[in-house]
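Remarks on the structure that follows.
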Amino acid sequence: MSSSNKQMDALVAKGYEHGFVTDIETDVIPPGLNEDVIRFISARKNEPEWVLEYRLKAYRHWLTMTPPHWSSVHYPAIDFQAISYFAAPTKKPQLDSLDQVDPELLRTYEKLGIPLEEQKALSGVAVDAVFDSVSVATTFRQNLADAGVIFCSISEAAQEHPDLLREYLGSVVPHTDNFYAALNAAVFTDGTFVYIPKGVRCPMELSTYFRINAQNTGQFERTLIVAEEGSHVSYLEGCTAPQRDENQLHAAVVELIAMQDAQIKYSTVQNWYPGDEQGRGGIYNFVTKRGDCRGARSKISWTQVETGSAITWKYPSCLLRGDDSVGEFYSVAVTKGRQQADTGTKMIHIGRNTTSTVVSKGISAGGGQQAYRGLVRMSQRAENARNHTQCDSLLIGDRCAAHTFPYIEVKNPTAKVEHEATTSKIGEDQLFYCRSRGLSEENAVSLIVNGFCKEIFNELPMEFAVEAQKLLAISLEGAVG
Amino acid sequence: MSSSEQMATDLQQVLQQGRHRMTPGLSGPQWLSPVRARGAAAVATMSLPDRKQEAWRYSSLGFLDRVSYQPLVEGPFDAILPGDVEDLLLQDSDAVRLVFVNGYLATALTPAVRCCDGATVTNLTAEMGEVPEAVRTQLDAIAEHRHVFAALNSALMSDGALIHVARGVSSAPPIEILHISVGLDEPGIAHPRHLIVLEEGARAEVIERYCAMGDGSYFNNALIEVALGAGSELVHERVQEESPNAQHLSDLHVRLEAGSRYRLVQATLGGAWSRTDVRVTFEGEGAQAELDGLMLARDQQLNDVHLSVHHKVPHCTSHETFKGILDGKGRVVFDGHIVVARDAQKTDAVLANDNLMLSREAEVDAKPQLEIYADDVKCSHGTTVGELDANMLFYLRSRGISEVQAKQMLCQGFAEEILQKIDHPALRARASGLLAARLMESV
């Protein structure tokens with residue numbers, strides 16, 4: 001079919017729009033990993049003794065582990081001794097106002113279309129921008145502080161809220177959880193800590209822009225969100241990265257804890273550098289994300305739009321421990337060129353009357369490889385638990401692939417589990433219908449693809465929904481010509 | 001030595017003892033030797049599956065720790081007379097019957113086989129007649145040694161049916177392969193091996209049954225190969241009613257040429273541990289496969305079905321429906337894997353798995369998978385797990401039907417979709433009867 005060939009060619013030819021490198025002096029330690037490196041990181045960050053102990057414990061455990069090979073993604077073996085584990089902008093600004101931030105850095109954000117001032121002024125979103133590994137700008141601190149919300153980097157939390165950090169760090173994703181989580185626990189450089197006190201509804205959407213910059217530095221971010229009883233928070237995470245030839249490993253850990261009646265909404269738009277048309281370069285996005293619904297009637301909702309990275313490998317999960325707790329997972333993943341994605345979710349139902357909803361939409365174009373891998377487990381105690389899972393894949397071009405690997409484990413007869421999956425391409429009849437009503441082929445395909453993803457975009461906060469739609473349009477531009 | 005190493009050693013012993021006890025007469029004709037050698041070589045390189053392997057994640061082989069199986073040799077089974085197995089036979093059946101006792105052909109129980117012209121029914125050891133060349137070349141050509149048990153079967157295969165239907169011939173009476181297992185003092189392991197070859201445009205109906213005399217402990221390690229020529233059609237009906245203390249492993253390999261049709265319907269009802277691996281490969285365009293199954297797991301039973309359907313060429317259709325009924329501490333494992341190769345366009349694949357849980361201790365582990373490398377395909381899968389619908393129960397009870405009866409009716413209704421697909425009336429009646437009796441004990 002000529003149109004699909006054209007689509008594919010255009011897709012493959014499409015360069016990465018955010019591929020530029022900001023020249024800021026970075027303070028990088030030589031590549032390699034040993035206990036001294038960990039001590040260096042800890043010392044540089046002026047961490048309390050227990051954090052260092054935690055890191056070393058994780059490192060010693062990591063040494064006993066081997067990289068996992070069970071997924072459907074393929075990549076050359078990673079040399080962990082060739083990675084530099086610490087990179088911090090040397091000019092750490094004083095954070096009184098945005099004016100003091102390195103102007104070069106601000107220009108970077110402007111190129112990405114996310115000027116901090118504008119965000120501050122117009123959208124009311126507080127942004128904790130992470131530039132490589134150290135927070136360089138934190139806004140809206142005062143507004144949040146007035147509400148009692150703690151929103152700071154993990155490093156600051158280690159200084160200012162050590163008790164809270166000590167109580168919750170690693171309580172959802174233990175340092176023994178998996179290979180990359182153990183590595184992260186050993187070398188995490190920075191990240192975000194959010195604490196919402198009892199009964200507080202966070203006055204604004206919290207947002208962090210992650211950006212990987214220096215060559216050969218892995219990013220090991222650590223995010224911890226604790227929502228106390230009856231509180232509510234919505235957290236946005238968005239990513240882009242500059243063009244590089246060497247693969248960069250990103251092994252983050254995200255932990256969410258929701259107490260009784262608390263709600264956490266975690267949204268991600270990920271658009272890291274996917275590599276060139278030969279599959280060179282690109283980010284390895286190996287992330288462990290897990291939410292713990294500890295209290296009754298708590299709710300954790302994951303929404304993700306994944307268009308970037310050479311390899312996306314993550315399963316944002318929910319442990320539904322509290323009775324009547326709710327877990328949700330909404331995902332759109334786009335793979336094109338040589339991109340690979342192995343993503344999905346785990347819903348572990350432990351409490352009674354727990355419900356979970358999984359909606360996963362995969363779009364595979366060109367030579368993109370994609371897999372949904374998910375687990376729904378109904379434990380013996382999960383009386384009247386409910387799950388509905390829907391996985392749909394849309395294939396564009398005859399060189400792409402879409403896989404579905406769901407695991408369903410049920411140990412309670414009152415639990416109801418439903419799983420559905422479909423794989424299809426854009427129907428000739430759908431296209432014909434749109435075209436017969438005067439839409440160009442490009443508009444018709446765009447309409448159909450947007451309709452395919454609508455359920456997910458509806459879950460995103462307003463500002464993000466717009467960005468996500470734009471991202472999808474850019475990603476598939478040319479694919480639909 | 002770890003327990004898995006211990007088991008691997010035991011396995012080697014089984015192999016050694018099996019070979020040792022197999023006198024030349026028992027090991028069958030010369031042409032089997034290369035197949036046995038290949039199998040034995042494979043056993044030497046393989047280890048026992050463990051739960052870290054994806055395909056064995058949910059099927060523990062823990063029983064191998066407790067039981068040491070002895071290879072079965074042709075024994076005093078000639079003493080079993082038709083009268084002894086009367087209640088295991090199909091009533092009013094028109095099928096041609098081959099009876100295997102503990103893996104060996106029981107001549108006393110196998111009436112002279114009379115098939116139509118063009119259809120050959122014989123056995124591996126050729127007691128029933130010459131084995132056609134077309135059949136010999138197919139043996140072990142379809143199966144893959146995906147686990148050590150398949151390799152062990154090739155190395156030690158005791159006996160089995162060889163069915164060949166010539167080009168364009170429609171084999172009139174159905175052919176029934178009946179396995180009867182008799183528990184011995186020392187639990188034994190049998191390796192039945194069957195091969196069904198249908199030439200171009202041929203048609204046949206094959207019934208495969210596994211029964212037991214008494215409730216002894218034994219291990220049936222069966223391997224079945226099916227080769228379907230262009231435009232041929234096979235109806236394959238399998239009912240497994242092993243002893244409640246038995247282990248049953250069936251490895252079924254099917255190869256379809258262009259335009260052929262394969263219809264499998266199976267009911268796995270017995271055994272303490274039962275696993276069926278079905279591998280269907282589409283080698284020619286326009287072929288169709290329809291696979292249906294009913295799984296019953298009660299008490300401590302494990303009932304495992306693994307499907308692997310490979311769409312290697314365009315324009316093929318595969319439809320799978322598997323249903324599980326669970327009670328007591330029963331466990332059902334369902335793993336359905338559909339692969340659509342690059343360029344296998346216009347593939348139509350539908351996989352459905354529904355499970356009904358009647359007890360609080362039961363467990364279902366389902367893994368319906370799609371692996372798709374072509375874009376112009378229609379593929380879907382669906383899985384449900386739930387209990388009996390309270391509204392339906394209420395409806396029946398409000399009409400004066402007792403709770404027990406109502407539950408039974410609903411379960412049978414659930415199973416009926418599968419059982420109805422059994423063409424052979426006597427077999428259908430037997431499967432329905434068995435299910436009803438077992439449900440009666442349950443609910």
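In the structure tokens, chains take letters A, B, ... by order of appearance, with residues numbered from 1 within each chain and ligands from 1 in the order shown.
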Counting only C-alpha atoms, which residues of chain A come no farther than 8 Å from chain B, as a short mmCIF file (atom, residue, chain, number, x, y, z; two decimals) with N, CA and C atoms, in the first residue's frame?
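Resulting contents of selection.cif:
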data_model
loop_
_atom_site.label_atom_id
_atom_site.label_comp_id
_atom_site.auth_asym_id
_atom_site.auth_seq_id
_atom_site.Cartn_x
_atom_site.Cartn_y
_atom_site.Cartn_z
N GLN A 380 -6.69 -13.85 48.41
CA GLN A 380 -7.80 -14.55 49.02
C GLN A 380 -8.71 -13.61 49.82
N LEU A 395 -1.82 -0.70 14.81
CA LEU A 395 -0.59 -0.91 14.06
C LEU A 395 -0.60 -0.04 12.80
N ILE A 396 0.50 0.65 12.57
CA ILE A 396 0.62 1.47 11.37
C ILE A 396 1.87 1.02 10.64
N GLY A 397 1.71 0.35 9.52
CA GLY A 397 2.86 -0.17 8.77
C GLY A 397 3.05 -1.65 9.07
N ASP A 398 3.72 -2.35 8.16
CA ASP A 398 3.80 -3.81 8.31
C ASP A 398 5.12 -4.27 8.90
N ARG A 399 5.90 -3.37 9.49
CA ARG A 399 7.16 -3.77 10.10
C ARG A 399 7.16 -3.55 11.62
N CYS A 400 6.00 -3.18 12.14
CA CYS A 400 5.94 -2.93 13.57
C CYS A 400 5.36 -4.16 14.28
N ALA A 401 5.37 -4.13 15.59
CA ALA A 401 4.87 -5.27 16.33
C ALA A 401 4.15 -4.82 17.58
N ALA A 402 3.15 -5.57 17.96
CA ALA A 402 2.41 -5.26 19.19
C ALA A 402 2.10 -6.56 19.90
N HIS A 403 2.45 -6.62 21.17
CA HIS A 403 2.24 -7.84 21.95
C HIS A 403 1.44 -7.53 23.20
N THR A 404 0.74 -8.54 23.67
CA THR A 404 -0.02 -8.40 24.91
C THR A 404 0.28 -9.60 25.79
N PHE A 405 0.79 -9.35 26.98
CA PHE A 405 1.10 -10.45 27.91
C PHE A 405 0.44 -10.19 29.26
N PRO A 406 -0.84 -10.43 29.37
CA PRO A 406 -1.46 -10.20 30.67
C PRO A 406 -1.36 -11.42 31.58
N TYR A 407 -1.20 -11.21 32.87
CA TYR A 407 -1.20 -12.28 33.85
C TYR A 407 -2.39 -12.05 34.76
N ILE A 408 -3.20 -13.07 34.94
CA ILE A 408 -4.39 -12.93 35.78
C ILE A 408 -4.35 -14.03 36.83
N GLU A 409 -4.31 -13.65 38.09
CA GLU A 409 -4.25 -14.63 39.17
C GLU A 409 -5.39 -14.35 40.14
N VAL A 410 -6.30 -15.28 40.28
CA VAL A 410 -7.47 -15.05 41.11
C VAL A 410 -7.58 -16.11 42.18
N LYS A 411 -7.68 -15.68 43.43
CA LYS A 411 -7.82 -16.62 44.54
C LYS A 411 -9.07 -16.36 45.34
N ASN A 412 -9.97 -15.55 44.83
CA ASN A 412 -11.21 -15.30 45.56
C ASN A 412 -12.38 -15.37 44.59
N PRO A 413 -13.37 -16.22 44.89
CA PRO A 413 -14.45 -16.43 43.92
C PRO A 413 -15.36 -15.22 43.76
N THR A 414 -15.40 -14.33 44.75
CA THR A 414 -16.29 -13.18 44.62
C THR A 414 -15.64 -12.07 43.80
N ALA A 415 -14.37 -12.24 43.52
CA ALA A 415 -13.68 -11.22 42.72
C ALA A 415 -14.10 -11.37 41.26
N LYS A 416 -14.22 -10.26 40.58
CA LYS A 416 -14.57 -10.31 39.15
C LYS A 416 -13.43 -9.70 38.35
N VAL A 417 -12.97 -10.46 37.39
CA VAL A 417 -11.87 -9.97 36.57
C VAL A 417 -12.28 -10.05 35.11
N GLU A 418 -12.07 -8.99 34.41
CA GLU A 418 -12.34 -9.02 32.97
C GLU A 418 -11.14 -8.46 32.24
N HIS A 419 -10.74 -9.17 31.23
CA HIS A 419 -9.62 -8.69 30.44
C HIS A 419 -9.99 -8.76 28.97
N GLU A 420 -9.72 -7.69 28.26
CA GLU A 420 -9.99 -7.70 26.83
C GLU A 420 -8.79 -7.11 26.11
N ALA A 421 -8.48 -7.64 24.98
CA ALA A 421 -7.41 -7.05 24.19
C ALA A 421 -7.75 -7.16 22.73
N THR A 422 -7.45 -6.13 21.98
CA THR A 422 -7.65 -6.20 20.53
C THR A 422 -6.42 -5.63 19.84
N THR A 423 -6.20 -6.07 18.64
CA THR A 423 -5.13 -5.52 17.82
C THR A 423 -5.70 -5.27 16.44
N SER A 424 -5.50 -4.10 15.93
CA SER A 424 -6.05 -3.82 14.61
C SER A 424 -5.26 -2.71 13.95
N LYS A 425 -5.56 -2.48 12.69
CA LYS A 425 -5.00 -1.30 12.05
C LYS A 425 -6.16 -0.34 11.81
#
DSSP strand (DSSP E) residues within region 212-340 of chain B, as a ChimeraX atom specification | /B:212-213,219-228,233-240,247-256,261-268,273-282,288-297,302-311,317-326,331-340
Requested write-out: C-alpha atoms of the selected residues, as a PDB file, in the first residue's frame:
ATOM      1  CA  ALA B 212      -7.963 -45.597  34.773  1.00  0.00           C
ATOM      2  CA  MET B 213      -8.834 -48.844  36.481  1.00  0.00           C
ATOM      3  CA  PHE B 219       2.411 -40.706  35.272  1.00  0.00           C
ATOM      4  CA  ASN B 220       1.198 -40.606  31.687  1.00  0.00           C
ATOM      5  CA  ASN B 221       3.608 -38.698  29.470  1.00  0.00           C
ATOM      6  CA  ALA B 222       1.909 -38.661  26.075  1.00  0.00           C
ATOM      7  CA  LEU B 223       3.000 -37.031  22.849  1.00  0.00           C
ATOM      8  CA  ILE B 224       0.735 -36.734  19.832  1.00  0.00           C
ATOM      9  CA  GLU B 225       1.717 -35.497  16.398  1.00  0.00           C
ATOM     10  CA  VAL B 226      -0.760 -34.464  13.729  1.00  0.00           C
ATOM     11  CA  ALA B 227       0.154 -33.652  10.121  1.00  0.00           C
ATOM     12  CA  LEU B 228      -2.663 -32.316   7.971  1.00  0.00           C
ATOM     13  CA  GLU B 233      -9.884 -32.137   7.797  1.00  0.00           C
ATOM     14  CA  LEU B 234      -9.444 -33.694  11.216  1.00  0.00           C
ATOM     15  CA  VAL B 235     -11.909 -33.722  14.083  1.00  0.00           C
ATOM     16  CA  HIS B 236      -9.941 -34.513  17.223  1.00  0.00           C
ATOM     17  CA  GLU B 237     -11.871 -35.232  20.399  1.00  0.00           C
ATOM     18  CA  ARG B 238     -10.061 -35.810  23.658  1.00  0.00           C
ATOM     19  CA  VAL B 239     -11.457 -36.731  27.045  1.00  0.00           C
ATOM     20  CA  GLN B 240      -9.085 -37.128  29.969  1.00  0.00           C
ATOM     21  CA  GLN B 247      -0.138 -37.181  36.732  1.00  0.00           C
ATOM     22  CA  HIS B 248      -0.975 -36.522  33.120  1.00  0.00           C
ATOM     23  CA  LEU B 249       1.056 -34.608  30.572  1.00  0.00           C
ATOM     24  CA  SER B 250      -0.051 -34.371  26.941  1.00  0.00           C
ATOM     25  CA  ASP B 251       2.063 -32.688  24.346  1.00  0.00           C
ATOM     26  CA  LEU B 252       0.060 -32.183  21.174  1.00  0.00           C
ATOM     27  CA  HIS B 253       1.684 -30.865  18.004  1.00  0.00           C
ATOM     28  CA  VAL B 254      -0.364 -30.010  14.932  1.00  0.00           C
ATOM     29  CA  ARG B 255       0.899 -28.888  11.543  1.00  0.00           C
ATOM     30  CA  LEU B 256      -1.587 -27.504   9.023  1.00  0.00           C
ATOM     31  CA  ARG B 261      -9.051 -27.727   8.919  1.00  0.00           C
ATOM     32  CA  TYR B 262      -8.355 -28.885  12.437  1.00  0.00           C
ATOM     33  CA  ARG B 263     -10.997 -29.043  15.100  1.00  0.00           C
ATOM     34  CA  LEU B 264      -9.971 -29.951  18.634  1.00  0.00           C
ATOM     35  CA  VAL B 265     -12.396 -30.320  21.465  1.00  0.00           C
ATOM     36  CA  GLN B 266     -11.165 -31.649  24.758  1.00  0.00           C
ATOM     37  CA  ALA B 267     -12.425 -32.152  28.263  1.00  0.00           C
ATOM     38  CA  THR B 268      -9.786 -32.540  30.953  1.00  0.00           C
ATOM     39  CA  TRP B 273      -1.890 -32.940  38.133  1.00  0.00           C
ATOM     40  CA  SER B 274      -2.812 -32.526  34.489  1.00  0.00           C
ATOM     41  CA  ARG B 275      -1.218 -30.456  31.820  1.00  0.00           C
ATOM     42  CA  THR B 276      -1.898 -30.261  28.081  1.00  0.00           C
ATOM     43  CA  ASP B 277       0.391 -28.376  25.732  1.00  0.00           C
ATOM     44  CA  VAL B 278      -1.105 -27.743  22.315  1.00  0.00           C
ATOM     45  CA  ARG B 279       1.057 -26.316  19.585  1.00  0.00           C
ATOM     46  CA  VAL B 280      -0.587 -25.471  16.293  1.00  0.00           C
ATOM     47  CA  THR B 281       1.498 -24.259  13.351  1.00  0.00           C
ATOM     48  CA  PHE B 282       0.018 -22.874  10.156  1.00  0.00           C
ATOM     49  CA  GLN B 288      -8.371 -23.047   9.971  1.00  0.00           C
ATOM     50  CA  ALA B 289      -8.081 -24.283  13.519  1.00  0.00           C
ATOM     51  CA  GLU B 290     -10.766 -24.346  16.131  1.00  0.00           C
ATOM     52  CA  LEU B 291      -9.685 -25.338  19.619  1.00  0.00           C
ATOM     53  CA  ASP B 292     -12.123 -25.738  22.469  1.00  0.00           C
ATOM     54  CA  GLY B 293     -11.651 -27.102  25.916  1.00  0.00           C
ATOM     55  CA  LEU B 294     -13.281 -27.659  29.246  1.00  0.00           C
ATOM     56  CA  MET B 295     -11.141 -27.812  32.370  1.00  0.00           C
ATOM     57  CA  LEU B 296     -12.407 -29.142  35.667  1.00  0.00           C
ATOM     58  CA  ALA B 297     -10.345 -28.722  38.828  1.00  0.00           C
ATOM     59  CA  LEU B 302      -4.223 -28.816  39.033  1.00  0.00           C
ATOM     60  CA  ASN B 303      -5.553 -28.488  35.506  1.00  0.00           C
ATOM     61  CA  ASP B 304      -3.234 -26.702  33.145  1.00  0.00           C
ATOM     62  CA  VAL B 305      -3.688 -25.964  29.436  1.00  0.00           C
ATOM     63  CA  HIS B 306      -1.003 -24.240  27.399  1.00  0.00           C
ATOM     64  CA  LEU B 307      -1.845 -23.236  23.839  1.00  0.00           C
ATOM     65  CA  SER B 308       0.625 -21.934  21.356  1.00  0.00           C
ATOM     66  CA  VAL B 309      -0.745 -21.010  17.951  1.00  0.00           C
ATOM     67  CA  HIS B 310       1.707 -19.881  15.292  1.00  0.00           C
ATOM     68  CA  HIS B 311       0.326 -18.019  12.315  1.00  0.00           C
ATOM     69  CA  THR B 317      -8.049 -18.464  11.113  1.00  0.00           C
ATOM     70  CA  SER B 318      -7.772 -19.725  14.654  1.00  0.00           C
ATOM     71  CA  HIS B 319     -10.516 -19.621  17.252  1.00  0.00           C
ATOM     72  CA  GLU B 320      -9.967 -20.837  20.797  1.00  0.00           C
ATOM     73  CA  THR B 321     -12.475 -21.107  23.608  1.00  0.00           C
ATOM     74  CA  PHE B 322     -11.420 -22.621  26.930  1.00  0.00           C
ATOM     75  CA  LYS B 323     -13.556 -22.768  30.014  1.00  0.00           C
ATOM     76  CA  GLY B 324     -12.613 -23.690  33.547  1.00  0.00           C
ATOM     77  CA  ILE B 325     -14.759 -24.825  36.447  1.00  0.00           C
ATOM     78  CA  LEU B 326     -13.093 -24.778  39.851  1.00  0.00           C
ATOM     79  CA  ARG B 331      -6.370 -24.757  40.368  1.00  0.00           C
ATOM     80  CA  VAL B 332      -6.774 -23.912  36.716  1.00  0.00           C
ATOM     81  CA  VAL B 333      -3.882 -22.578  34.701  1.00  0.00           C
ATOM     82  CA  PHE B 334      -4.557 -21.280  31.226  1.00  0.00           C
ATOM     83  CA  ASP B 335      -1.836 -19.942  28.985  1.00  0.00           C
ATOM     84  CA  GLY B 336      -2.910 -19.071  25.462  1.00  0.00           C
ATOM     85  CA  HIS B 337      -0.230 -17.700  23.195  1.00  0.00           C
ATOM     86  CA  ILE B 338      -0.967 -16.527  19.656  1.00  0.00           C
ATOM     87  CA  VAL B 339       1.921 -15.479  17.447  1.00  0.00           C
ATOM     88  CA  VAL B 340       1.300 -13.731  14.147  1.00  0.00           C
TER      89      VAL B 340
END
Expressed in Å to a single decimal, how great is the separation between CA of His164 (chain B) and CA of Ala150 (chain B)?
-> 22.3 Å
Can you work out the spacing between CA of Asp159 (chain B) and CA of His191 (chain B) in Å, to one decimal?
->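 Here the two named atoms are 7.5 Å from each other.
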Long-range neighbours of Met259 (chain A) as an mmCIF file with C-alpha atoms, in the first residue's frame, 8 Å cut-off, only C-alpha atoms, 5 positions minimum in chain:
data_model
loop_
_atom_site.group_PDB
_atom_site.id
_atom_site.type_symbol
_atom_site.label_atom_id
_atom_site.label_comp_id
_atom_site.auth_asym_id
_atom_site.auth_seq_id
_atom_site.Cartn_x
_atom_site.Cartn_y
_atom_site.Cartn_z
ATOM 1 C CA ALA A 227 -0.643 11.766 51.007
ATOM 2 C CA GLU A 228 -1.935 11.729 54.566
ATOM 3 C CA GLU A 229 -5.494 10.911 55.528
ATOM 4 C CA GLY A 230 -8.119 12.686 53.443
ATOM 5 C CA CYS A 293 -3.052 2.403 48.782
ATOM 6 C CA ARG A 294 -2.500 1.882 52.498
ATOM 7 C CA GLY A 295 -5.710 3.301 53.873
ATOM 8 C CA ALA A 296 -9.345 2.496 53.280
ATOM 9 C CA SER A 298 -7.682 5.643 49.106
#
Report the distance between CA of Leu105 (chain B) and CA of Glu127 (chain B) in Å, rounded to one decimal place.
->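 Separation of CA of Leu105 (chain B) and CA of Glu127 (chain B): 8.6 Å.
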Within 10 Å of Glu35 (chain A), counting only C-alpha atoms, which residues qualify if same-chain residues fewer than 3 places away don't, as a PyMOL selection string?
-> chain A and resi 38-41+55-56+59-60+186-187
